[in-house]
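Trainee: Below is the structure I would like to discuss, written out as structure tokens.
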Amino acid sequence: MNTKFQPLILASQSIYRQQLLSRLGLTFSCIAPHIDETPLAQETVSDMVLRLGKQKAARIAQDHPNAVIIASDQSAECDGVKLGKPGNHQKALEQLSLMQGKKVTFYTSLILRSPETEQIHSDETHVIFRHLTTAQLNHYLEQEKPYDCAGAFKSEGLGICLFERIDSHDPSALIGLPLIKLANWLTDERRLLSSS
């Protein structure tokens, strides 16, 4: 398909996803999809992020049917507990306290939708957390205030101090957008690394 002259839209107002996509040097706009992100009963975290990513892309496509749309969603799971954006200090502290010394799986979906096709990808990142004191966790939260981040940390910032190890195919996925897969797709569609 000829995507070269189709507008590119990121279905998100996340500053983190905007910063990641900006690394590719593309011109794009950002539009918030405003969908209901309530989990469904008995829905797994991996299924939820795929569903929400597809719904975000579909919502933007309703108003921009000729655009190429990038959408993503992320959530995490620890000991069977779903971990989204905490929203405030107390909930963030509860999340970080739960994750101490444990492996947490972060699920990040990626959708690239055009008028002709829809490509879908799901990334899993496993983060093993260190054992830290409540005082240390509070200090971290006061420094970075990651209340709008799934899992209550910013891995690209001071949050790296919380980890013992990260097992990942794509470090950008943990920040919110699987950039390696996206770059591969866009290269195949001649938006990247194309002289024509």
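We name chains A, B, ... following the order of the structure tokens; residues begin at 1 in each chain, and ligands are numbered from 1 as shown.
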Identify, on the basis of only C-alpha atoms, every residue whose closest approach to Gln74 in chain A does not exceed 7 Å; exclude the query and any residue fewer than 6 positions from it along the same chain; express the result as a list in words.
Mentor: Val49, Tyr107, Thr108, Ser109, Ala150 and Gly176 of chain A
Trainee: Those residues with N, CA and C atoms, as a PDB file, in the first residue's frame please?
Mentor:
```pdb
ATOM      1  N   VAL A  49      -5.223  -5.421  26.809  1.00  0.00           N
ATOM      2  CA  VAL A  49      -4.422  -4.400  26.126  1.00  0.00           C
ATOM      3  C   VAL A  49      -4.562  -4.514  24.605  1.00  0.00           C
ATOM      4  N   TYR A 107       2.419  -5.961  29.687  1.00  0.00           N
ATOM      5  CA  TYR A 107       1.861  -6.273  28.374  1.00  0.00           C
ATOM      6  C   TYR A 107       1.630  -4.959  27.628  1.00  0.00           C
ATOM      7  N   THR A 108       2.188  -4.864  26.423  1.00  0.00           N
ATOM      8  CA  THR A 108       2.033  -3.653  25.621  1.00  0.00           C
ATOM      9  C   THR A 108       1.567  -4.042  24.226  1.00  0.00           C
ATOM     10  N   SER A 109       0.428  -3.527  23.826  1.00  0.00           N
ATOM     11  CA  SER A 109      -0.083  -3.812  22.484  1.00  0.00           C
ATOM     12  C   SER A 109       0.377  -2.730  21.520  1.00  0.00           C
ATOM     13  N   ALA A 150       1.761   3.030  34.074  1.00  0.00           N
ATOM     14  CA  ALA A 150       1.413   1.684  34.526  1.00  0.00           C
ATOM     15  C   ALA A 150       2.572   1.111  35.331  1.00  0.00           C
ATOM     16  N   GLY A 176       6.144   2.283  26.744  1.00  0.00           N
ATOM     17  CA  GLY A 176       4.769   2.450  26.288  1.00  0.00           C
ATOM     18  C   GLY A 176       4.502   2.261  24.806  1.00  0.00           C
TER      19      GLY A 176
END
```
Trainee: Using DSSP secondary structure from the backbone, list all alpha helix (DSSP H) positions within range 1-185 of chain A, as a ChimeraX atom specification.
Mentor: /A:15-22,45-63,89-99,134-144,171-175,179-185
Trainee: Would you save the residues from that selection as a PDB file, in the first residue's frame, using C-alpha atoms?
Mentor:
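This went into result-v4.pdb:
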```pdb
ATOM      1  CA  ILE A  15       3.847  12.347  26.292  1.00  0.00           C
ATOM      2  CA  TYR A  16       5.889   9.146  26.651  1.00  0.00           C
ATOM      3  CA  ARG A  17       4.516   7.634  23.448  1.00  0.00           C
ATOM      4  CA  GLN A  18       4.941  10.946  21.636  1.00  0.00           C
ATOM      5  CA  GLN A  19       8.594  11.093  22.663  1.00  0.00           C
ATOM      6  CA  LEU A  20       9.189   7.524  21.526  1.00  0.00           C
ATOM      7  CA  LEU A  21       7.543   8.015  18.139  1.00  0.00           C
ATOM      8  CA  SER A  22       9.486  11.256  17.635  1.00  0.00           C
ATOM      9  CA  VAL A  45      -4.378  -8.485  30.942  1.00  0.00           C
ATOM     10  CA  SER A  46      -2.904  -9.489  27.583  1.00  0.00           C
ATOM     11  CA  ASP A  47      -6.367  -9.708  26.009  1.00  0.00           C
ATOM     12  CA  MET A  48      -7.366  -6.374  27.531  1.00  0.00           C
ATOM     13  CA  VAL A  49      -4.422  -4.400  26.126  1.00  0.00           C
ATOM     14  CA  LEU A  50      -4.992  -5.877  22.666  1.00  0.00           C
ATOM     15  CA  ARG A  51      -8.694  -5.054  22.781  1.00  0.00           C
ATOM     16  CA  LEU A  52      -8.103  -1.499  23.971  1.00  0.00           C
ATOM     17  CA  GLY A  53      -5.355  -0.885  21.426  1.00  0.00           C
ATOM     18  CA  LYS A  54      -7.644  -2.005  18.595  1.00  0.00           C
ATOM     19  CA  GLN A  55     -10.513   0.093  19.964  1.00  0.00           C
ATOM     20  CA  LYS A  56      -8.296   3.183  20.124  1.00  0.00           C
ATOM     21  CA  ALA A  57      -7.255   2.750  16.493  1.00  0.00           C
ATOM     22  CA  ALA A  58     -10.843   2.105  15.391  1.00  0.00           C
ATOM     23  CA  ARG A  59     -12.107   5.175  17.234  1.00  0.00           C
ATOM     24  CA  ILE A  60      -9.646   7.503  15.488  1.00  0.00           C
ATOM     25  CA  ALA A  61     -10.348   5.833  12.125  1.00  0.00           C
ATOM     26  CA  GLN A  62     -14.000   6.830  12.415  1.00  0.00           C
ATOM     27  CA  ASP A  63     -13.072  10.511  12.033  1.00  0.00           C
ATOM     28  CA  HIS A  89       0.878   8.666  45.593  1.00  0.00           C
ATOM     29  CA  GLN A  90      -0.876   6.196  47.880  1.00  0.00           C
ATOM     30  CA  LYS A  91      -1.932   3.837  45.092  1.00  0.00           C
ATOM     31  CA  ALA A  92       1.517   4.099  43.532  1.00  0.00           C
ATOM     32  CA  LEU A  93       3.101   3.124  46.839  1.00  0.00           C
ATOM     33  CA  GLU A  94       0.723   0.159  47.109  1.00  0.00           C
ATOM     34  CA  GLN A  95       1.734  -1.003  43.622  1.00  0.00           C
ATOM     35  CA  LEU A  96       5.460  -0.673  44.258  1.00  0.00           C
ATOM     36  CA  SER A  97       5.142  -2.387  47.646  1.00  0.00           C
ATOM     37  CA  LEU A  98       3.344  -5.334  46.035  1.00  0.00           C
ATOM     38  CA  MET A  99       6.075  -5.717  43.408  1.00  0.00           C
ATOM     39  CA  THR A 134       9.079   1.961  52.198  1.00  0.00           C
ATOM     40  CA  ALA A 135      11.160   5.090  52.792  1.00  0.00           C
ATOM     41  CA  GLN A 136      13.094   4.436  49.573  1.00  0.00           C
ATOM     42  CA  LEU A 137       9.893   3.867  47.616  1.00  0.00           C
ATOM     43  CA  ASN A 138       8.360   7.060  48.993  1.00  0.00           C
ATOM     44  CA  HIS A 139      11.499   8.985  48.100  1.00  0.00           C
ATOM     45  CA  TYR A 140      11.373   7.670  44.557  1.00  0.00           C
ATOM     46  CA  LEU A 141       7.698   8.595  44.155  1.00  0.00           C
ATOM     47  CA  GLU A 142       8.279  12.090  45.533  1.00  0.00           C
ATOM     48  CA  GLN A 143      11.146  12.608  43.079  1.00  0.00           C
ATOM     49  CA  GLU A 144       9.506  11.359  39.885  1.00  0.00           C
ATOM     50  CA  PRO A 171      13.195  -1.808  25.848  1.00  0.00           C
ATOM     51  CA  SER A 172      10.943   0.882  24.367  1.00  0.00           C
ATOM     52  CA  ALA A 173       7.890  -1.343  24.960  1.00  0.00           C
ATOM     53  CA  LEU A 174       8.242  -0.882  28.710  1.00  0.00           C
ATOM     54  CA  ILE A 175       8.001   2.893  28.222  1.00  0.00           C
ATOM     55  CA  LEU A 179       9.365   0.878  18.722  1.00  0.00           C
ATOM     56  CA  ILE A 180      11.352  -1.961  17.140  1.00  0.00           C
ATOM     57  CA  LYS A 181       8.252  -3.675  15.760  1.00  0.00           C
ATOM     58  CA  LEU A 182       6.731  -0.349  14.716  1.00  0.00           C
ATOM     59  CA  ALA A 183       9.910   0.724  12.934  1.00  0.00           C
ATOM     60  CA  ASN A 184      10.011  -2.604  11.083  1.00  0.00           C
ATOM     61  CA  TRP A 185       6.412  -2.181   9.944  1.00  0.00           C
TER      62      TRP A 185
END
```
Trainee: May I ask which of the residues A:Val81, A:Leu186, A:Ala71, A:Ile31 is the closest one to Ser122 in chain A, counting only C-alpha atoms?
Mentor: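 Of A:Val81, A:Leu186, A:Ala71, A:Ile31, the one nearest Ser122 in chain A is A:Ala71, counting only C-alpha atoms.
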Trainee: Tell me, as a ChimeraX atom specification, which residues lie within 10 Å of Ser114 in chain A, counting only C-alpha atoms; anything in the same chain fewer than 2 positions away does not count.
Mentor: /A:1,3,6-8,57,61,64-70,111-112,116-119
Trainee: Write down as number ranges by chain the residues of range 21-118 of chain A whose backbone DSSP state falls under strand (DSSP E or B).
Mentor: A: 29-30, 68-78, 81-83, 103-113, 118
Trainee: With C-alpha atoms retained, could you export that selection as a PDB file, in the first residue's frame?
Mentor:
```pdb
ATOM      1  CA  SER A  29      -0.292  14.295  14.894  1.00  0.00           C
ATOM      2  CA  CYS A  30      -1.687  13.104  18.221  1.00  0.00           C
ATOM      3  CA  VAL A  68      -2.458   5.588   9.069  1.00  0.00           C
ATOM      4  CA  ILE A  69      -3.058   5.186  12.790  1.00  0.00           C
ATOM      5  CA  ILE A  70      -0.707   3.995  15.511  1.00  0.00           C
ATOM      6  CA  ALA A  71      -2.342   2.836  18.750  1.00  0.00           C
ATOM      7  CA  SER A  72      -1.051   1.136  21.871  1.00  0.00           C
ATOM      8  CA  ASP A  73      -2.157   0.140  25.340  1.00  0.00           C
ATOM      9  CA  GLN A  74      -0.241  -1.115  28.355  1.00  0.00           C
ATOM     10  CA  SER A  75      -0.960  -2.771  31.658  1.00  0.00           C
ATOM     11  CA  ALA A  76       0.870  -5.088  34.030  1.00  0.00           C
ATOM     12  CA  GLU A  77       0.237  -8.079  36.247  1.00  0.00           C
ATOM     13  CA  CYS A  78       1.850  -9.215  39.494  1.00  0.00           C
ATOM     14  CA  VAL A  81      -3.231  -8.505  40.302  1.00  0.00           C
ATOM     15  CA  LYS A  82      -3.744  -6.117  37.375  1.00  0.00           C
ATOM     16  CA  LEU A  83      -1.622  -2.976  37.636  1.00  0.00           C
ATOM     17  CA  LYS A 103       8.577 -10.659  38.692  1.00  0.00           C
ATOM     18  CA  VAL A 104       6.046  -8.357  37.052  1.00  0.00           C
ATOM     19  CA  THR A 105       4.867  -8.865  33.480  1.00  0.00           C
ATOM     20  CA  PHE A 106       4.093  -5.790  31.408  1.00  0.00           C
ATOM     21  CA  TYR A 107       1.861  -6.273  28.374  1.00  0.00           C
ATOM     22  CA  THR A 108       2.033  -3.653  25.621  1.00  0.00           C
ATOM     23  CA  SER A 109      -0.083  -3.812  22.484  1.00  0.00           C
ATOM     24  CA  LEU A 110       0.744  -2.160  19.181  1.00  0.00           C
ATOM     25  CA  ILE A 111      -1.680  -1.579  16.321  1.00  0.00           C
ATOM     26  CA  LEU A 112      -0.860  -0.040  12.948  1.00  0.00           C
ATOM     27  CA  ARG A 113      -4.105   0.573  11.081  1.00  0.00           C
ATOM     28  CA  GLU A 118      -4.482  -3.654  10.373  1.00  0.00           C
TER      29      GLU A 118
END
```
